[in-house]
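This is entry.pdb (PDB, C-alpha atoms and all ligand atoms).
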ATOM      1  CA  MET A   1     146.768 -17.511 141.175
ATOM      2  CA  LEU A   2     143.605 -19.292 142.119
ATOM      3  CA  ASP A   3     142.517 -19.012 145.717
ATOM      4  CA  LYS A   4     142.047 -22.562 147.051
ATOM      5  CA  VAL A   5     139.933 -22.785 150.195
ATOM      6  CA  TYR A   6     139.237 -25.728 152.489
ATOM      7  CA  PHE A   7     135.947 -26.357 154.290
ATOM      8  CA  GLY A   8     133.717 -29.203 155.429
ATOM      9  CA  GLY A   9     136.205 -31.935 154.577
ATOM     10  CA  THR A  10     136.595 -30.780 150.996
ATOM     11  CA  TYR A  11     137.932 -27.806 149.056
ATOM     12  CA  ALA A  12     137.056 -25.253 146.439
ATOM     13  CA  TYR A  13     138.603 -22.709 144.099
ATOM     14  CA  LYS A  14     137.312 -19.163 144.348
ATOM     15  CA  ASN A  15     136.581 -17.262 141.126
ATOM     16  CA  PHE A  16     137.307 -20.272 138.953
ATOM     17  CA  ILE A  17     135.726 -18.321 136.103
ATOM     18  CA  ASN A  18     135.663 -14.591 135.436
ATOM     19  CA  ASP A  19     132.537 -12.474 134.966
ATOM     20  CA  ASP A  20     132.491 -12.815 131.178
ATOM     21  CA  GLU A  21     132.842 -16.592 131.390
ATOM     22  CA  ARG A  22     130.117 -16.709 134.019
ATOM     23  CA  LEU A  23     127.747 -14.825 131.729
ATOM     24  CA  GLU A  24     128.584 -17.030 128.764
ATOM     25  CA  LEU A  25     127.910 -20.184 130.763
ATOM     26  CA  GLU A  26     124.730 -18.750 132.244
ATOM     27  CA  GLU A  27     123.350 -17.883 128.804
ATOM     28  CA  TRP A  28     124.170 -21.334 127.474
ATOM     29  CA  ILE A  29     122.574 -23.160 130.413
ATOM     30  CA  LEU A  30     119.460 -20.970 130.438
ATOM     31  CA  SER A  31     119.069 -21.575 126.689
ATOM     32  CA  LYS A  32     118.758 -25.300 127.458
ATOM     33  CA  LYS A  33     116.029 -24.841 130.034
ATOM     34  CA  GLU A  34     113.246 -26.064 127.754
ATOM     35  CA  LEU A  35     115.189 -29.274 127.127
ATOM     36  CA  MET A  36     115.676 -29.907 130.808
ATOM     37  CA  THR A  37     113.487 -32.325 132.652
ATOM     38  CA  PHE A  38     113.213 -34.676 135.534
ATOM     39  CA  SER A  39     111.485 -37.184 133.314
ATOM     40  CA  ARG A  40     113.330 -40.014 135.051
ATOM     41  CA  PRO A  41     112.883 -39.148 138.726
ATOM     42  CA  ILE A  42     115.762 -40.074 140.958
ATOM     43  CA  ASN A  43     116.183 -40.150 144.715
ATOM     44  CA  SER A  44     112.411 -39.704 145.226
ATOM     45  CA  GLU A  45     112.981 -35.973 145.296
ATOM     46  CA  GLU A  46     109.613 -34.449 146.105
ATOM     47  CA  ASP A  47     110.226 -31.105 144.461
ATOM     48  CA  GLN A  48     110.508 -32.791 141.080
ATOM     49  CA  TYR A  49     106.755 -33.170 141.144
ATOM     50  CA  THR A  50     105.707 -29.702 142.297
ATOM     51  CA  PRO A  51     103.850 -27.466 139.833
ATOM     52  CA  GLY A  52     106.171 -25.362 137.718
ATOM     53  CA  LEU A  53     109.018 -27.861 137.863
ATOM     54  CA  LYS A  54     111.352 -25.884 140.033
ATOM     55  CA  ARG A  55     114.344 -28.086 139.365
ATOM     56  CA  HIS A  56     115.675 -28.408 135.853
ATOM     57  CA  PHE A  57     118.353 -30.880 134.976
ATOM     58  CA  LYS A  58     120.086 -32.101 131.837
ATOM     59  CA  VAL A  59     122.754 -34.740 131.425
ATOM     60  CA  LEU A  60     125.453 -33.763 128.920
ATOM     61  CA  HIS A  61     126.177 -36.775 126.756
ATOM     62  CA  PRO A  62     129.518 -37.177 124.979
ATOM     63  CA  ASP A  63     127.935 -36.463 121.587
ATOM     64  CA  ASP A  64     125.977 -33.399 122.727
ATOM     65  CA  LYS A  65     127.162 -30.138 121.236
ATOM     66  CA  LYS A  66     128.717 -27.979 123.934
ATOM     67  CA  PRO A  67     130.176 -24.490 123.762
ATOM     68  CA  GLU A  68     133.917 -24.051 123.666
ATOM     69  CA  ILE A  69     133.876 -22.658 127.200
ATOM     70  CA  PHE A  70     132.590 -25.987 128.537
ATOM     71  CA  HIS A  71     135.796 -27.634 127.305
ATOM     72  CA  ARG A  72     138.025 -24.756 128.367
ATOM     73  CA  VAL A  73     136.751 -24.914 131.954
ATOM     74  CA  ARG A  74     137.042 -28.708 131.947
ATOM     75  CA  ASN A  75     140.641 -28.585 130.724
ATOM     76  CA  LYS A  76     141.537 -26.053 133.395
ATOM     77  CA  LEU A  77     140.028 -28.352 136.015
ATOM     78  CA  LEU A  78     141.881 -31.419 134.697
ATOM     79  CA  ASP A  79     145.186 -29.518 134.815
ATOM     80  CA  LEU A  80     144.637 -28.148 138.265
ATOM     81  CA  GLU A  81     143.514 -31.438 139.780
ATOM     82  CA  ASN A  82     146.073 -33.528 137.931
ATOM     83  CA  ILE A  83     143.453 -35.740 136.343
ATOM     84  CA  THR A  84     145.469 -37.363 133.582
ATOM     85  CA  ASN A  85     143.093 -40.192 132.712
ATOM     86  CA  PRO A  86     139.564 -38.840 133.158
ATOM     87  CA  LEU A  87     136.965 -41.585 133.418
ATOM     88  CA  PRO A  88     133.287 -40.572 133.287
ATOM     89  CA  ALA A  89     130.924 -40.775 136.225
ATOM     90  CA  PRO A  90     128.172 -43.398 135.870
ATOM     91  CA  GLY A  91     124.640 -42.335 135.005
ATOM     92  CA  ASN A  92     124.639 -38.572 135.133
ATOM     93  CA  LEU A  93     128.061 -38.048 133.471
ATOM     94  CA  ASP A  94     128.424 -34.252 133.309
ATOM     95  CA  TRP A  95     125.278 -32.215 133.790
ATOM     96  CA  ILE A  96     123.769 -28.743 133.945
ATOM     97  CA  GLY A  97     121.052 -27.778 136.380
ATOM     98  CA  ILE A  98     118.843 -24.892 137.435
ATOM     99  CA  VAL A  99     117.130 -24.693 140.825
ATOM    100  CA  GLY A 100     114.541 -22.016 141.592
ATOM    101  CA  GLU A 101     112.903 -20.672 144.719
ATOM    102  CA  GLY A 102     111.479 -23.291 147.049
ATOM    103  CA  ALA A 103     113.424 -26.193 145.560
ATOM    104  CA  TYR A 104     116.387 -28.103 146.905
ATOM    105  CA  VAL A 105     118.414 -31.282 146.535
ATOM    106  CA  GLU A 106     117.372 -34.093 148.837
ATOM    107  CA  PRO A 107     120.098 -36.084 150.646
ATOM    108  CA  HIS A 108     121.676 -38.795 148.523
ATOM    109  CA  CYS A 109     124.918 -40.331 147.316
ATOM    110  CA  ASP A 110     125.652 -40.686 143.611
ATOM    111  CA  ALA A 111     126.102 -44.091 141.960
ATOM    112  CA  ASN A 112     129.588 -45.581 141.664
ATOM    113  CA  PHE A 113     131.186 -47.995 139.235
ATOM    114  CA  PRO A 114     132.610 -51.094 140.992
ATOM    115  CA  ASN A 115     136.048 -50.285 142.509
ATOM    116  CA  TYR A 116     135.589 -46.581 141.699
ATOM    117  CA  TYR A 117     133.966 -43.671 143.476
ATOM    118  CA  THR A 118     132.242 -40.763 141.813
ATOM    119  CA  VAL A 119     133.697 -37.290 142.278
ATOM    120  CA  ARG A 120     131.908 -34.221 140.977
ATOM    121  CA  TYR A 121     133.396 -30.769 140.490
ATOM    122  CA  ASN A 122     130.540 -28.312 140.715
ATOM    123  CA  LEU A 123     130.834 -24.851 139.226
ATOM    124  CA  LEU A 124     128.356 -22.351 140.649
ATOM    125  CA  VAL A 125     127.469 -20.281 137.618
ATOM    126  CA  SER A 126     124.734 -18.452 139.516
ATOM    127  CA  PHE A 127     124.130 -18.542 143.240
ATOM    128  CA  PRO A 128     120.981 -17.392 145.045
ATOM    129  CA  ASP A 129     120.907 -14.469 147.451
ATOM    130  CA  ALA A 130     119.738 -16.803 150.229
ATOM    131  CA  GLY A 131     119.646 -20.547 150.758
ATOM    132  CA  GLY A 132     120.923 -23.040 148.205
ATOM    133  CA  ARG A 133     124.168 -23.846 150.005
ATOM    134  CA  PRO A 134     125.382 -27.451 149.712
ATOM    135  CA  ILE A 135     125.058 -29.674 152.756
ATOM    136  CA  TYR A 136     127.999 -32.054 152.592
ATOM    137  CA  GLY A 137     128.073 -34.789 155.201
ATOM    138  CA  ASP A 138     126.911 -32.769 158.222
ATOM    139  CA  GLU A 139     128.259 -29.402 157.160
ATOM    140  CA  ILE A 140     126.831 -26.475 155.285
ATOM    141  CA  LEU A 141     129.469 -25.270 152.834
ATOM    142  CA  PRO A 142     130.108 -21.509 152.518
ATOM    143  CA  VAL A 143     130.251 -21.554 148.732
ATOM    144  CA  GLU A 144     130.076 -18.527 146.431
ATOM    145  CA  GLU A 145     129.105 -17.765 142.875
ATOM    146  CA  LYS A 146     131.894 -18.580 140.368
ATOM    147  CA  MET A 147     133.388 -21.091 142.802
ATOM    148  CA  LEU A 148     134.306 -24.635 141.766
ATOM    149  CA  TRP A 149     133.946 -27.070 144.674
ATOM    150  CA  ARG A 150     134.787 -30.731 144.921
ATOM    151  CA  CYS A 151     132.040 -33.154 145.942
ATOM    152  CA  ASP A 152     133.031 -36.768 146.596
ATOM    153  CA  ALA A 153     129.485 -37.572 145.574
ATOM    154  CA  GLY A 154     129.778 -41.355 145.572
ATOM    155  CA  ILE A 155     130.910 -41.606 149.192
ATOM    156  CA  VAL A 156     129.684 -38.479 151.039
ATOM    157  CA  LYS A 157     125.970 -37.882 151.476
ATOM    158  CA  HIS A 158     125.023 -34.496 150.047
ATOM    159  CA  SER A 159     121.991 -32.280 149.613
ATOM    160  CA  SER A 160     121.238 -28.572 149.589
ATOM    161  CA  GLU A 161     119.367 -25.924 151.474
ATOM    162  CA  ILE A 162     116.114 -24.683 149.959
ATOM    163  CA  VAL A 163     116.703 -21.852 147.487
ATOM    164  CA  LYS A 164     115.173 -18.562 148.634
ATOM    165  CA  GLY A 165     114.458 -15.552 146.469
ATOM    166  CA  ASP A 166     114.297 -14.943 142.729
ATOM    167  CA  LYS A 167     117.925 -15.517 141.876
ATOM    168  CA  LEU A 168     118.493 -18.969 140.398
ATOM    169  CA  ARG A 169     121.003 -21.541 141.475
ATOM    170  CA  ILE A 170     122.731 -22.614 138.254
ATOM    171  CA  ASN A 171     125.270 -25.423 138.385
ATOM    172  CA  LEU A 172     127.619 -27.020 135.901
ATOM    173  CA  SER A 173     128.778 -30.369 137.235
ATOM    174  CA  TYR A 174     131.755 -32.280 135.852
ATOM    175  CA  GLY A 175     131.716 -35.911 136.940
ATOM    176  CA  PHE A 176     134.577 -38.428 137.163
ATOM    177  CA  SER A 177     135.247 -41.919 138.450
ATOM    178  CA  PHE A 178     138.301 -42.163 140.703
ATOM    179  CA  GLU A 179     139.825 -45.505 141.625
ATOM    180  CA  PHE A 180     139.609 -46.487 145.303
TER     181      PHE A 180
HETATM  182 FE    FE B 201     124.561 -35.936 143.780
END

Here is the file; what I need is its structure written in the form of structure tokens.
Amino acid sequence: MLDKVYFGGTYAYKNFINDDERLELEEWILSKKELMTFSRPINSEEDQYTPGLKRHFKVLHPDDKKPEIFHRVRNKLLDLENITNPLPAPGNLDWIGIVGEGAYVEPHCDANFPNYYTVRYNLLVSFPDAGGRPIYGDEILPVEEKMLWRCDAGIVKHSSEIVKGDKLRINLSYGFSFEF
């Protein structure tokens, strides 16, 4: 049984993946690092322009080749959340991201399609030893590595604390459009 926890006006599932799955996802995402970029800056996020590019980000397009585990995790999420007719999120669709020391996500809301709001399910494949927690509305969320947490990204302002230390923050984000 998955342990569902509630905090900050949203909820999360603890240990949504096991250690082997975590490693598999981590290896896949790290292998894409060279393809990641913030070549189209969004949200005027300052740390996109710092030397060393501390934030890495890649949108996963429908035709992109993805490992089997990407689909397995997605199917588990669809089942659990009763999403029977998944509609993609605008713009960033699904994405993978890596955030290193000193970087963070600046406050923003995601784009929405008319009459829909964007919801993202974020899987924390790697979580730093300090910092890097999501700030959701006004609350800092006590998330953990291997947790999947729901972010109503189109309607709740969100950001993150600055990542501290060497351990990377690695996120796999599944995006959907839900009807209002
Ligand atoms: Fe966002």

* **Test item: the PyMOL selection byres (((chain A and resi 174) around 7) and not hetatm) resolved as a PyMOL selection string** => chain A and resi 94-95+120-122+172-173+175-176

Using all atoms listed in the file, which residues of chain A come within 7 Å of ligand FE 201 (chain B), and what is the closest atom pair for each, with the distance in Å to one decimal? Give it as a Markdown table, sorted by chain and residue number.
| residue | atom | partner | partner_atom | distance |
| --- | --- | --- | --- | --- |
| A:His108 | CA | B:FE201 | FE | 6.2 |
| A:Cys109 | CA | B:FE201 | FE | 5.7 |
| A:Asp110 | CA | B:FE201 | FE | 4.9 |
| A:Ala153 | CA | B:FE201 | FE | 5.5 |
| A:His158 | CA | B:FE201 | FE | 6.4 |

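The shortest atom-to-atom distance to Ala103 of chain A, with all atoms listed in the file taken into account, belongs to A:Gly131 out of A:Gly8, A:Pro142, A:Gly131, A:Pro88.
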
* Hey, what's within 8 Å of Asp129 of chain A if we count all atoms listed in the file and toss same-chain stuff fewer than 6 positions away? As a VMD selection string, please? -> chain A and resid 164 to 165 167

* Using only C-alpha atoms, can you list as number ranges by chain the residues within 6 Å of (135.8, -45.3, 139.9)? -> A: 113, 115-117, 177-179

Expected axis-aligned box over every listed atom of segment 58-72 of chain A, 5 Å added per side, centre plus edges in Å to one decimal, as JSON:
{"center_x": 129.1, "center_y": -29.9, "center_z": 126.5, "size_x": 27.9, "size_y": 24.5, "size_z": 20.6}

Find the nearest atom pair between each residue of segment 81-108 of chain A and segment 33-36 of chain A for residues within 9 Å, count all atoms listed in the file, give distances in Å to one decimal, sort rows by chain and ascending number, and present the table as a Markdown table.
| residue | atom | partner | partner_atom | distance |
| --- | --- | --- | --- | --- |
| A:Ile96 | CA | A:Met36 | CA | 8.8 |
| A:Gly97 | CA | A:Met36 | CA | 8.0 |
| A:Ile98 | CA | A:Lys33 | CA | 7.9 |

Run the PyMOL selection byres (((chain A and resi 90) around 8) and not hetatm) against the file shown and list the residues it catches, as a compact mmCIF listing (two decimals) with C-alpha atoms, in the coordinates of the input.
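Final file, result_27.txt:
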# COMPACT_ATOMS: atom_id res chain seq x y z
CA PRO A 88 133.29 -40.57 133.29
CA ALA A 89 130.92 -40.78 136.22
CA GLY A 91 124.64 -42.34 135.00
CA ASN A 92 124.64 -38.57 135.13
CA LEU A 93 128.06 -38.05 133.47
CA ALA A 111 126.10 -44.09 141.96
CA ASN A 112 129.59 -45.58 141.66
CA PHE A 113 131.19 -48.00 139.24
CA THR A 118 132.24 -40.76 141.81
CA SER A 177 135.25 -41.92 138.45

* To do: Show which residues sit within 9 Å of Ile17 of chain A, as a list in words. Count all atoms listed in the file, and ignore same-chain residues fewer than 3 positions away.
  =>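 Residues meeting the cut-off are Lys14, Asp20, Glu21, Arg22, Val73, Leu123, Val125, Lys146, Met147 and Leu148 of chain A.
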
* **Proximity to Ile170 of chain A - best of A:Arg72, A:Lys32, A:Arg150, A:Lys65, all atoms listed in the file** =>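 Result for the nearest residue to Ile170 of chain A: A:Lys32.
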
Using the chain letters and numbers from this file, what does the PyMOL selection byres (((chain A and resi 136) around 10) and not hetatm) select? Give the answer as a compact mmCIF listing (two decimals) with C-alpha atoms, in the frame of the given file.
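Dumped to out-v2.txt:
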# COMPACT_ATOMS: atom_id res chain seq x y z
CA PHE A 7 135.95 -26.36 154.29
CA GLY A 8 133.72 -29.20 155.43
CA GLY A 9 136.21 -31.94 154.58
CA THR A 10 136.60 -30.78 151.00
CA PRO A 107 120.10 -36.08 150.65
CA ARG A 133 124.17 -23.85 150.00
CA PRO A 134 125.38 -27.45 149.71
CA ILE A 135 125.06 -29.67 152.76
CA GLY A 137 128.07 -34.79 155.20
CA ASP A 138 126.91 -32.77 158.22
CA GLU A 139 128.26 -29.40 157.16
CA ILE A 140 126.83 -26.48 155.28
CA LEU A 141 129.47 -25.27 152.83
CA CYS A 151 132.04 -33.15 145.94
CA ASP A 152 133.03 -36.77 146.60
CA ALA A 153 129.49 -37.57 145.57
CA VAL A 156 129.68 -38.48 151.04
CA LYS A 157 125.97 -37.88 151.48
CA HIS A 158 125.02 -34.50 150.05
CA SER A 159 121.99 -32.28 149.61
CA SER A 160 121.24 -28.57 149.59

* Length of the atom CA of Gly102 of chain A to atom CA of Leu168 of chain A vector [Å] ->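 These atoms are spaced 10.6 Å apart.
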
* Work out how far atom CA of Asn171 of chain A is from atom CA of Ala130 of chain A, in Å to one decimal. => 15.7 Å

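In this structure, atom CA of Asn82 of chain A sits 19.1 Å away from atom CA of Asn15 of chain A.
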
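With all atoms listed in the file as the atoms that count, the residue of A:Asn18, A:Ser31, A:Gly132, A:Ile155 with the shortest distance to Glu101 of chain A is A:Gly132.
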
* **Pick from A:Gly154, A:Asp166, A:Val143, A:Ile83, whichever lies nearest to Tyr6 of chain A using only C-alpha atoms** =>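 Of the candidates, the smallest distance to Tyr6 of chain A is held by A:Val143.
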
* With distances taken over all atoms listed in the file, which of A:Arg74, A:Phe57, A:Tyr11, A:Pro86 is nearest to Val105 of chain A? ->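 The answer is A:Phe57, which sits nearest to Val105 of chain A.
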